[in-house]
Structure formats: C-alpha cells, structure tokens
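Source file upload38.csv; content: CSV, C-alpha atoms and all ligand atoms.
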chain,number,residue,atom,x,y,z
A,4,MET,CA,-17.6,-31.6,-18.4
A,5,TYR,CA,-14.9,-33.1,-16.1
A,6,LEU,CA,-12.0,-33.6,-18.5
A,7,ARG,CA,-10.3,-31.0,-20.7
A,8,VAL,CA,-7.7,-32.3,-23.1
A,9,SER,CA,-5.7,-29.6,-24.8
A,10,ASP,CA,-6.1,-29.2,-28.5
A,11,GLU,CA,-2.5,-30.2,-29.1
A,12,VAL,CA,-2.7,-33.4,-27.1
A,13,LYS,CA,-6.1,-34.3,-28.6
A,14,LYS,CA,-4.7,-33.9,-32.1
A,15,ALA,CA,-1.6,-35.9,-31.3
A,16,ILE,CA,-3.6,-38.8,-29.9
A,17,GLN,CA,-5.9,-38.8,-32.9
A,18,GLU,CA,-2.9,-38.9,-35.3
A,19,ASN,CA,-1.1,-41.6,-33.3
A,20,LYS,CA,1.7,-39.2,-32.4
A,21,PRO,CA,3.6,-40.0,-29.2
A,22,VAL,CA,2.4,-38.2,-26.0
A,23,VAL,CA,4.0,-38.3,-22.6
A,24,ALA,CA,1.9,-37.6,-19.5
A,25,LEU,CA,3.4,-35.8,-16.4
A,26,GLU,CA,2.1,-35.4,-12.9
A,27,SER,CA,1.5,-32.2,-10.8
A,28,THR,CA,2.1,-33.4,-7.2
A,29,ILE,CA,5.8,-33.3,-8.0
A,30,ILE,CA,5.3,-29.6,-8.8
A,31,SER,CA,3.1,-28.5,-5.9
A,32,HIS,CA,4.3,-30.9,-3.2
A,33,GLY,CA,7.5,-32.4,-4.4
A,34,MET,CA,9.8,-29.4,-5.0
A,35,PRO,CA,10.1,-25.8,-3.8
A,36,TYR,CA,9.2,-22.8,-5.9
A,37,PRO,CA,10.7,-21.7,-8.3
A,38,GLN,CA,12.7,-24.8,-9.0
A,39,ASN,CA,9.5,-26.8,-9.3
A,40,VAL,CA,8.2,-24.6,-12.2
A,41,LYS,CA,11.6,-24.4,-13.9
A,42,THR,CA,11.9,-28.2,-13.7
A,43,ALA,CA,8.3,-28.8,-15.0
A,44,LEU,CA,8.9,-26.6,-18.0
A,45,GLU,CA,12.3,-28.1,-18.7
A,46,VAL,CA,10.9,-31.6,-18.6
A,47,GLU,CA,8.3,-30.6,-21.2
A,48,LYS,CA,11.0,-29.1,-23.4
A,49,ILE,CA,13.1,-32.3,-23.2
A,50,ILE,CA,10.0,-34.3,-24.2
A,51,ARG,CA,9.4,-32.0,-27.2
A,52,ASP,CA,13.1,-32.1,-28.2
A,53,ASN,CA,12.8,-35.8,-28.2
A,54,GLY,CA,9.9,-35.8,-30.6
A,55,CYS,CA,6.9,-36.2,-28.3
A,56,ILE,CA,4.1,-34.0,-27.0
A,57,PRO,CA,4.0,-33.4,-23.2
A,58,ALA,CA,0.8,-33.5,-21.3
A,59,THR,CA,1.1,-32.2,-17.7
A,60,ILE,CA,-2.0,-33.2,-15.8
A,61,GLY,CA,-3.8,-31.4,-12.9
A,62,ILE,CA,-7.2,-30.4,-11.6
A,63,ILE,CA,-8.2,-26.7,-12.1
A,64,ASP,CA,-11.4,-25.4,-10.6
A,65,GLY,CA,-12.9,-28.9,-10.7
A,66,ILE,CA,-11.8,-29.8,-14.2
A,67,VAL,CA,-9.1,-32.3,-15.0
A,68,VAL,CA,-6.7,-30.6,-17.4
A,69,VAL,CA,-4.7,-32.9,-19.6
A,70,GLY,CA,-2.0,-30.7,-21.2
A,71,MET,CA,-1.6,-27.7,-19.0
A,72,ASN,CA,-0.2,-24.5,-20.5
A,73,PRO,CA,2.9,-22.8,-19.1
A,74,ASP,CA,0.8,-20.2,-17.1
A,75,GLU,CA,-1.2,-23.1,-15.5
A,76,ILE,CA,2.1,-24.9,-14.6
A,77,GLU,CA,3.4,-21.6,-13.1
A,78,GLU,CA,0.3,-21.3,-11.0
A,79,PHE,CA,0.6,-24.9,-9.8
A,80,GLY,CA,4.1,-24.1,-8.6
A,81,LYS,CA,3.1,-20.9,-6.8
A,82,ARG,CA,-0.4,-21.3,-5.5
A,83,LYS,CA,-0.8,-22.2,-1.8
A,84,GLY,CA,-3.1,-24.8,-0.5
A,85,ILE,CA,-3.5,-27.0,-3.6
A,86,GLU,CA,-4.7,-30.4,-2.4
A,87,LYS,CA,-2.8,-33.5,-3.1
A,88,VAL,CA,-5.4,-35.6,-4.9
A,89,SER,CA,-5.3,-39.4,-4.9
A,90,ARG,CA,-8.2,-41.6,-6.3
A,91,ARG,CA,-10.4,-41.3,-3.2
A,92,ASP,CA,-10.2,-37.5,-3.3
A,93,VAL,CA,-11.2,-37.0,-6.9
A,94,PRO,CA,-15.0,-36.8,-6.6
A,95,VAL,CA,-14.8,-34.3,-3.7
A,96,ILE,CA,-12.4,-32.0,-5.5
A,97,MET,CA,-14.5,-32.1,-8.6
A,98,ALA,CA,-17.7,-31.4,-6.8
A,99,LYS,CA,-16.2,-28.5,-4.9
A,100,LYS,CA,-14.6,-27.2,-8.1
A,101,GLU,CA,-11.2,-26.9,-6.4
A,102,TRP,CA,-7.6,-27.1,-7.6
A,103,GLY,CA,-5.9,-30.5,-7.1
A,104,ALA,CA,-2.4,-31.9,-7.8
A,105,THR,CA,-2.5,-35.3,-9.3
A,106,THR,CA,-0.3,-38.1,-7.7
A,107,VAL,CA,1.0,-41.0,-9.7
A,108,ALA,CA,-2.3,-42.8,-9.1
A,109,THR,CA,-4.5,-40.0,-10.4
A,110,THR,CA,-2.2,-39.0,-13.2
A,111,MET,CA,-2.4,-42.7,-14.4
A,112,LEU,CA,-6.1,-42.6,-14.1
A,113,PHE,CA,-6.6,-39.4,-16.1
A,114,ALA,CA,-3.9,-40.3,-18.7
A,115,SER,CA,-5.8,-43.6,-19.4
A,116,MET,CA,-9.0,-41.6,-19.7
A,117,ALA,CA,-7.3,-39.5,-22.4
A,118,ASN,CA,-5.7,-42.6,-24.1
A,119,ILE,CA,-2.2,-41.7,-23.2
A,120,GLU,CA,0.0,-44.8,-22.6
A,121,VAL,CA,3.3,-43.4,-21.3
A,122,PHE,CA,3.7,-41.4,-18.1
A,123,VAL,CA,7.0,-40.0,-16.8
A,124,THR,CA,7.6,-39.2,-13.1
A,125,GLY,CA,10.4,-39.2,-10.5
A,126,GLY,CA,9.5,-41.8,-7.9
A,127,ILE,CA,6.3,-43.8,-7.2
A,128,GLY,CA,4.6,-44.3,-3.8
A,129,GLY,CA,4.7,-47.8,-2.4
A,130,VAL,CA,4.4,-49.9,0.8
A,131,HIS,CA,5.7,-47.8,3.7
A,132,ARG,CA,8.1,-49.1,6.2
A,133,GLY,CA,6.0,-50.4,9.1
A,134,ALA,CA,3.0,-50.9,6.9
A,135,GLU,CA,2.3,-54.3,8.7
A,136,THR,CA,0.9,-52.2,11.5
A,137,THR,CA,0.0,-48.8,9.8
A,138,PHE,CA,-1.5,-50.3,6.6
A,139,ASP,CA,0.1,-47.3,4.8
A,140,ILE,CA,0.3,-48.5,1.2
A,141,SER,CA,0.2,-45.9,-1.5
A,142,ALA,CA,-2.8,-45.9,-3.9
A,143,ASP,CA,-0.2,-45.7,-6.7
A,144,LEU,CA,0.3,-49.5,-6.4
A,145,GLN,CA,-3.4,-50.2,-6.7
A,146,GLU,CA,-3.6,-48.0,-9.8
A,147,LEU,CA,-0.6,-49.8,-11.3
A,148,ALA,CA,-2.5,-53.0,-10.7
A,149,ASN,CA,-5.6,-51.8,-12.6
A,150,THR,CA,-5.0,-48.9,-15.0
A,151,ASN,CA,-3.5,-49.3,-18.4
A,152,VAL,CA,-0.5,-46.9,-18.3
A,153,THR,CA,3.2,-47.4,-18.4
A,154,VAL,CA,5.1,-45.4,-15.7
A,155,ILE,CA,8.7,-44.5,-16.0
A,156,CYS,CA,10.4,-43.7,-12.7
A,157,ALA,CA,13.8,-43.9,-11.0
A,158,GLY,CA,12.5,-46.6,-8.7
A,159,ALA,CA,11.1,-45.8,-5.3
A,160,LYS,CA,12.6,-43.8,-2.5
A,161,ALA,CA,14.0,-45.8,0.4
A,162,ILE,CA,11.5,-44.0,2.7
A,163,LEU,CA,9.5,-47.0,1.5
A,164,ASP,CA,9.9,-50.7,2.2
A,165,LEU,CA,11.2,-51.6,-1.3
A,166,GLY,CA,10.9,-55.4,-0.7
A,167,LEU,CA,7.3,-55.2,0.3
A,168,THR,CA,6.6,-52.8,-2.6
A,169,LEU,CA,7.9,-55.4,-5.0
A,170,GLU,CA,5.9,-58.2,-3.4
A,171,TYR,CA,2.7,-56.1,-3.7
A,172,LEU,CA,3.4,-55.4,-7.4
A,173,GLU,CA,4.0,-59.1,-8.0
A,174,THR,CA,0.7,-60.1,-6.3
A,175,PHE,CA,-1.2,-57.6,-8.5
A,176,GLY,CA,0.5,-58.6,-11.7
A,177,VAL,CA,2.6,-55.5,-12.5
A,178,PRO,CA,5.8,-56.2,-14.4
A,179,VAL,CA,8.8,-54.3,-13.0
A,180,LEU,CA,11.3,-53.7,-15.7
A,181,GLY,CA,14.9,-52.3,-15.2
A,182,TYR,CA,16.3,-50.2,-17.9
A,183,LYS,CA,19.8,-51.6,-18.5
A,184,THR,CA,19.8,-53.0,-15.0
A,185,LYS,CA,18.8,-56.1,-13.0
A,186,THR,CA,18.9,-54.1,-9.8
A,187,LEU,CA,16.0,-52.1,-8.5
A,188,PRO,CA,17.1,-48.5,-8.4
A,189,ALA,CA,16.3,-46.5,-5.2
A,190,PHE,CA,15.7,-43.0,-6.6
A,191,TYR,CA,18.7,-41.1,-5.3
A,192,SER,CA,20.9,-44.2,-5.7
A,193,ARG,CA,21.4,-46.5,-8.7
A,194,THR,CA,21.1,-49.6,-6.7
A,195,SER,CA,19.3,-51.3,-3.8
A,196,LYS,CA,19.3,-54.8,-2.3
A,197,PHE,CA,16.5,-55.8,-4.6
A,198,SER,CA,16.2,-57.1,-8.1
A,199,VAL,CA,13.7,-56.1,-10.8
A,200,ASP,CA,11.8,-58.8,-12.6
A,201,TYR,CA,13.4,-58.2,-16.0
A,202,LYS,CA,16.3,-56.3,-17.4
A,203,MET,CA,15.5,-54.4,-20.6
A,204,ASP,CA,18.2,-53.1,-22.9
A,205,SER,CA,16.3,-50.8,-25.1
A,206,ALA,CA,13.2,-48.7,-25.4
A,207,ASP,CA,12.2,-51.0,-28.3
A,208,GLU,CA,12.2,-54.0,-26.0
A,209,ILE,CA,10.1,-52.2,-23.4
A,210,ALA,CA,7.6,-51.0,-26.1
A,211,ASN,CA,7.2,-54.7,-27.2
A,212,VAL,CA,6.3,-55.7,-23.6
A,213,ILE,CA,3.7,-52.9,-23.4
A,214,LYS,CA,2.3,-54.0,-26.8
A,215,ALA,CA,2.0,-57.7,-25.6
A,216,LYS,CA,0.3,-56.6,-22.4
A,217,ARG,CA,-2.2,-54.4,-24.3
A,218,ASP,CA,-2.9,-56.9,-27.1
A,219,MET,CA,-3.6,-59.6,-24.6
A,220,LYS,CA,-5.9,-57.2,-22.6
A,221,LEU,CA,-4.0,-57.8,-19.4
A,222,ASP,CA,-5.3,-54.8,-17.6
A,223,GLY,CA,-2.9,-52.8,-15.5
A,224,GLY,CA,0.3,-50.8,-15.6
A,225,VAL,CA,3.9,-51.5,-16.5
A,226,LEU,CA,6.6,-50.1,-14.3
A,227,VAL,CA,9.9,-49.1,-15.9
A,228,THR,CA,12.7,-48.3,-13.4
A,229,ASN,CA,15.5,-46.1,-14.8
A,230,PRO,CA,18.6,-45.6,-12.5
A,231,ILE,CA,19.6,-42.0,-11.8
A,232,PRO,CA,22.7,-40.9,-13.9
A,233,GLU,CA,25.9,-41.9,-12.0
A,234,GLU,CA,27.2,-38.3,-11.7
A,235,TYR,CA,24.1,-37.3,-9.7
A,236,SER,CA,23.6,-40.4,-7.5
A,237,LEU,CA,23.9,-40.0,-3.8
A,238,ASP,CA,25.5,-42.5,-1.3
A,239,GLU,CA,23.0,-45.3,-0.4
A,240,ALA,CA,24.2,-45.8,3.2
A,241,LYS,CA,24.2,-42.1,3.9
A,242,MET,CA,20.6,-41.8,2.5
A,243,ASP,CA,19.5,-44.7,4.6
A,244,GLU,CA,20.6,-43.0,7.8
A,245,VAL,CA,18.9,-39.8,6.8
A,246,ILE,CA,15.7,-41.7,6.1
A,247,LYS,CA,15.8,-43.5,9.4
A,248,GLU,CA,16.0,-40.1,11.1
A,249,ALA,CA,13.2,-38.6,9.0
A,250,ILE,CA,10.9,-41.5,9.9
A,251,GLN,CA,11.7,-41.1,13.6
A,252,GLU,CA,10.9,-37.4,13.4
A,253,MET,CA,7.7,-38.2,11.6
A,254,ASP,CA,6.5,-40.7,14.3
A,255,LYS,CA,7.4,-38.1,17.0
A,256,ALA,CA,5.3,-35.5,15.2
A,257,GLY,CA,2.4,-37.9,14.8
A,258,VAL,CA,2.2,-37.4,11.0
A,259,HIS,CA,0.3,-40.1,9.0
A,260,GLY,CA,-2.0,-40.7,6.1
A,261,LYS,CA,-1.6,-38.5,3.0
A,262,GLU,CA,0.7,-36.1,4.8
A,263,SER,CA,3.3,-38.9,5.4
A,264,THR,CA,5.0,-38.9,2.0
A,265,PRO,CA,5.3,-35.1,1.6
A,266,TYR,CA,6.5,-34.9,5.2
A,267,LEU,CA,9.2,-37.5,4.6
A,268,LEU,CA,10.3,-35.9,1.3
A,269,GLY,CA,10.6,-32.5,3.0
A,270,LYS,CA,12.6,-33.9,6.0
A,271,VAL,CA,15.0,-35.8,3.7
A,272,LYS,CA,15.6,-32.6,1.8
A,273,GLU,CA,16.2,-30.7,5.0
A,274,LEU,CA,18.6,-33.3,6.4
A,275,THR,CA,20.6,-33.4,3.3
A,276,GLY,CA,20.9,-29.6,3.2
A,277,GLY,CA,19.0,-29.5,0.0
A,278,SER,CA,21.7,-31.4,-2.0
A,279,SER,CA,19.1,-34.0,-2.9
A,280,LEU,CA,17.1,-31.5,-4.9
A,281,GLU,CA,19.6,-31.4,-7.9
A,282,SER,CA,19.6,-35.2,-8.0
A,283,ASN,CA,15.8,-35.2,-8.0
A,284,ILE,CA,15.6,-32.8,-10.9
A,285,GLN,CA,18.2,-34.7,-12.9
A,286,LEU,CA,16.6,-38.1,-12.5
A,287,VAL,CA,13.3,-36.7,-13.8
A,288,PHE,CA,15.1,-35.3,-16.9
A,289,ASN,CA,16.7,-38.7,-17.4
A,290,ASN,CA,13.3,-40.4,-17.2
A,291,ALA,CA,11.8,-37.9,-19.6
A,292,ARG,CA,14.4,-38.9,-22.2
A,293,LEU,CA,13.7,-42.6,-21.8
A,294,GLY,CA,10.0,-42.1,-21.6
A,295,SER,CA,10.0,-40.2,-24.9
A,296,GLU,CA,11.9,-43.0,-26.6
A,297,ILE,CA,9.4,-45.6,-25.3
A,298,ALA,CA,6.4,-43.5,-26.4
A,299,LYS,CA,7.8,-43.1,-29.9
A,300,LYS,CA,8.5,-46.9,-30.2
A,301,TYR,CA,5.1,-47.8,-28.9
A,302,CYS,CA,3.4,-45.6,-31.4
A,303,GLU,CA,5.3,-47.2,-34.2
A,304,LEU,CA,4.5,-50.7,-33.0
A,305,LYS,CA,0.8,-49.8,-32.4
A,306,GLY,CA,0.6,-48.4,-35.9
B,401,LIG,N1,7.8,-40.1,-4.2
B,401,LIG,C1,8.7,-39.2,-4.5
B,401,LIG,N2,8.4,-38.0,-4.9
B,401,LIG,C2,7.1,-37.6,-5.0
B,401,LIG,C3,6.0,-38.6,-4.7
B,401,LIG,C4,6.5,-39.8,-4.3
B,401,LIG,O1,9.9,-39.6,-4.5
B,401,LIG,O2,6.8,-36.4,-5.4
B,401,LIG,C5,4.6,-38.2,-4.8
B,401,LIG,C6,4.0,-38.8,-6.1
B,401,LIG,O3,3.0,-37.9,-6.6
B,401,LIG,C7,3.3,-40.0,-5.6
B,401,LIG,C8,2.8,-39.6,-4.2
B,401,LIG,O4,2.2,-40.5,-6.4
B,401,LIG,O5,3.9,-38.8,-3.7
B,401,LIG,C9,2.6,-40.8,-3.3
B,401,LIG,O6,1.9,-40.3,-2.1
B,401,LIG,P1,1.2,-41.4,-1.1
B,401,LIG,O7,2.4,-42.2,-0.5
B,401,LIG,O8,0.5,-40.6,-0.1
B,401,LIG,O9,0.3,-42.3,-2.0
B,402,MN,MN,-0.2,-43.3,2.2
Rewrite the structure from the file as structure tokens, please.
Amino acid sequence: MYLRVSDEVKKAIQENKPVVALESTIISHGMPYPQNVKTALEVEKIIRDNGCIPATIGIIDGIVVVGMNPDEIEEFGKRKGIEKVSRRDVPVIMAKKEWGATTVATTMLFASMANIEVFVTGGIGGVHRGAETTFDISADLQELANTNVTVICAGAKAILDLGLTLEYLETFGVPVLGYKTKTLPAFYSRTSKFSVDYKMDSADEIANVIKAKRDMKLDGGVLVTNPIPEEYSLDEAKMDEVIKEAIQEMDKAGVHGKESTPYLLGKVKELTGGSSLESNIQLVFNNARLGSEIAKKYCELKG
C-alpha cells in the first residue's frame, strides 16, 4: 500500500466533484515556519470557499498521502530533515519509509495516480541559468511533458532562464497559457521579456483546452500562468539584480543539484529582507482562486 487517498478526496473524485491538488515542498522548503503552515491551511480554506476539495500531497512514513489533514500539514511545516522528493527519489523514500516533501514533479505524478486534474502551486522549476554547461533542468518540466495534470502557477522565478524554459516546454508539447495576459509572468513580477503561447480570458476557456487535450489523449500537462496581483508585485529590475547576486553566491558556495533551487529561494528572501515572502503567499492565494474556478468548470465539462 503506497498510496493513501483521504476519504473526502476519494468520495469527491468518485462523485465528479472538483478537487485541487497542492504540493508540500512549498511548505517544508519554500517558506519559513510558521508562515508555511498558516499559508498551507489558508490555501485549503480558499479552495473550500470556492467550492472545491483541497488535496495536499506529501509522503509520510513511506506512504504517499493525497489529502493530508491539518495535523499532518502542521508536522510538514515543523519537522526538520524532510527530504525534497523528485521523481528519482520516490522509490528510495518509499523503501526506507521516510517522510518526503513533493515537488511540482512528484505532486503531478501522485495527483494523476489519484485522478486529480488540477494542481495549484506558486512557481514551477525550469531550465536554470547556465544549464548549457550544468545540465540543471528541473524534473518538473519532464513531468509536465508526460503526466496528465494541469498546473496553475505564477510563472517561473527569474532564478531560471525563462526563455530556455519556454523552449523546453515547446519541444515537449506543453501548452503555456496566460490568464488574461500574453506575457509570461515571472513570479514576483507580472511581466517578463517573454510571451506565453496563448492568452486565455476565462476559466471556462482554459477548461475547454484541458478537455480537448484529454479527449484527444495527448498525454502531458497544461501550464496555466497567472500574474501576481498588482498590489503585491515587486520591481522586475530590482529582482533581477538580487537574483544575479544570489547566483554568484551560490557558485561561490559550490551549491548544485537538488540544493540549488532551495538555496536560491533562501538567498533571494535574505537579500530582499524578507519582503518577498508576502508576495509569495499572495500569489499562491491568487492561484488557488483561479485553480478552483478551472477545476469546477472542468468537472462540469467532463460531466
Ligand atoms: N520555485 C519556486 N518555489 C518553490 C519551488 C520552485 O518559486 O517552492 C519548488 C517546487 O516544489 C518545485 C521545486 O517543484 O522547487 C523545483 O526544484 P528543482 O529545481 O530542484 O527541480
Ligand atoms: Mn535541478
């Protein structure tokens, strides 16, 4: 028994009620305690208030839990030494019966196993700057290429090479949709130098794209990018400087591999004096609202 789907989530899926999946790396590695727990619980509440069932996903003692309870979420936020688990780590964490925080890649994987279509997060991993020599490309992109889940995010952080990330997604057949925008949002900022593939003006329009992709059995994800609300967005040029400095420090410290993203996220927070945290929280709330609308529309369409 590797997968435990909560009774509430199981019932919702059986009755074609809308369910929204949530990741746990954002809790254990993405934000400090106690804001991480507070945010995770508030996101669940927003999803409920918008008529959907939340399913926070993580690995507990070698069992994938789809639909964690509030105590389990609290423990994910507090406990030290929870591994960040990408696809390649899964069998080892399961075999050793450990705790594991799921990234975008593994949350997609487990959501699809549980038949959940819609997954809300903050930012996805992507092609790192300098990947032409380091080969550091997040497994999130490969999961988007193959796994049938729609991911709602605020774009990708400029710690990545956004241009190469879009090229990669194009090669692997992942549609990148902009919610009410033609410009790729860059997490803390509403804009970047890059364009999304298609501008979508409603949740209904997005649900129709998902339906067409699923009906045609075109395996793989759909990426919905939703700009951070204006009042919480940070200056793009300032963030670019901060990120350059963070990358320099990372190279000096010799950090690479799976530590690279958490290190950069931590450095950016430090260099902005923590002001980025409130933005980060607000963009997740914003994605939860849009994700709920998409999940509801998709359930209606699917019938
Ligand atoms: N980007 C963010 N915040 C995050 C992450 C990415 O802005 O919390 C997390 C997500 O869980 C994502 C993971 O799936 O980092 C990507 O890590 P890597 O680059 O090692 O694949
Ligand atoms: Mn990586």
| request: Could you report the residues within 12 Å of ligand MN 402 (chain B), using all atoms listed in the file, as a PyMOL selection string? | output: chain A and resi 87-91+106+108+127-134+137-145+162-163+258-267
| message | Report, in Å to a single decimal, how far apart atom O8 of ligand LIG 401 (chain B) and CA of Asp164 in chain A are. | response |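 Taking CA of Asp164 in chain A as the start and atom O8 of ligand LIG 401 (chain B) as the end point, the length is 14.0 Å.
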What residues have an atom no more than 9 Å from (17.6, -38.9, 6.6) in the file's own frame, counting only C-alpha atoms, and can you write them as a PDB file with C-alpha atoms, in the coordinates of the input?
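Okay, this is what ended up in selection.pdb:
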ATOM      1  CA  ILE A 162      11.500 -44.000   2.700  1.00  0.00           C
ATOM      2  CA  LYS A 241      24.200 -42.100   3.900  1.00  0.00           C
ATOM      3  CA  MET A 242      20.600 -41.800   2.500  1.00  0.00           C
ATOM      4  CA  ASP A 243      19.500 -44.700   4.600  1.00  0.00           C
ATOM      5  CA  GLU A 244      20.600 -43.000   7.800  1.00  0.00           C
ATOM      6  CA  VAL A 245      18.900 -39.800   6.800  1.00  0.00           C
ATOM      7  CA  ILE A 246      15.700 -41.700   6.100  1.00  0.00           C
ATOM      8  CA  LYS A 247      15.800 -43.500   9.400  1.00  0.00           C
ATOM      9  CA  GLU A 248      16.000 -40.100  11.100  1.00  0.00           C
ATOM     10  CA  ALA A 249      13.200 -38.600   9.000  1.00  0.00           C
ATOM     11  CA  ILE A 250      10.900 -41.500   9.900  1.00  0.00           C
ATOM     12  CA  LEU A 267       9.200 -37.500   4.600  1.00  0.00           C
ATOM     13  CA  LYS A 270      12.600 -33.900   6.000  1.00  0.00           C
ATOM     14  CA  VAL A 271      15.000 -35.800   3.700  1.00  0.00           C
ATOM     15  CA  LYS A 272      15.600 -32.600   1.800  1.00  0.00           C
ATOM     16  CA  GLU A 273      16.200 -30.700   5.000  1.00  0.00           C
ATOM     17  CA  LEU A 274      18.600 -33.300   6.400  1.00  0.00           C
ATOM     18  CA  THR A 275      20.600 -33.400   3.300  1.00  0.00           C
TER      19      THR A 275
END
| Distance in Å - atom N2 of ligand LIG 401 (chain B) versus CA of Cys156 in chain A |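 Calculated distance between atom N2 of ligand LIG 401 (chain B) and CA of Cys156 in chain A is 9.9 Å.
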| range 114-120 of chain A surroundings by all atoms listed in the file, 8 Å radius, close-in-sequence under 2 positions cut, as a list in words |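 In the requested format, the answer is Val8, Ile16, Val22, Val23, Ala24, Ile60, Val69, Thr110, Met111, Leu112, Phe122, Thr150, Asn151, Val152, Thr153 and Ala298 of chain A.
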| field | One-decimal distance in Å that lies between CA of Ser9 in chain A and CA of Ala215 in chain A | value |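 CA of Ser9 in chain A lies 29.1 Å from CA of Ala215 in chain A.
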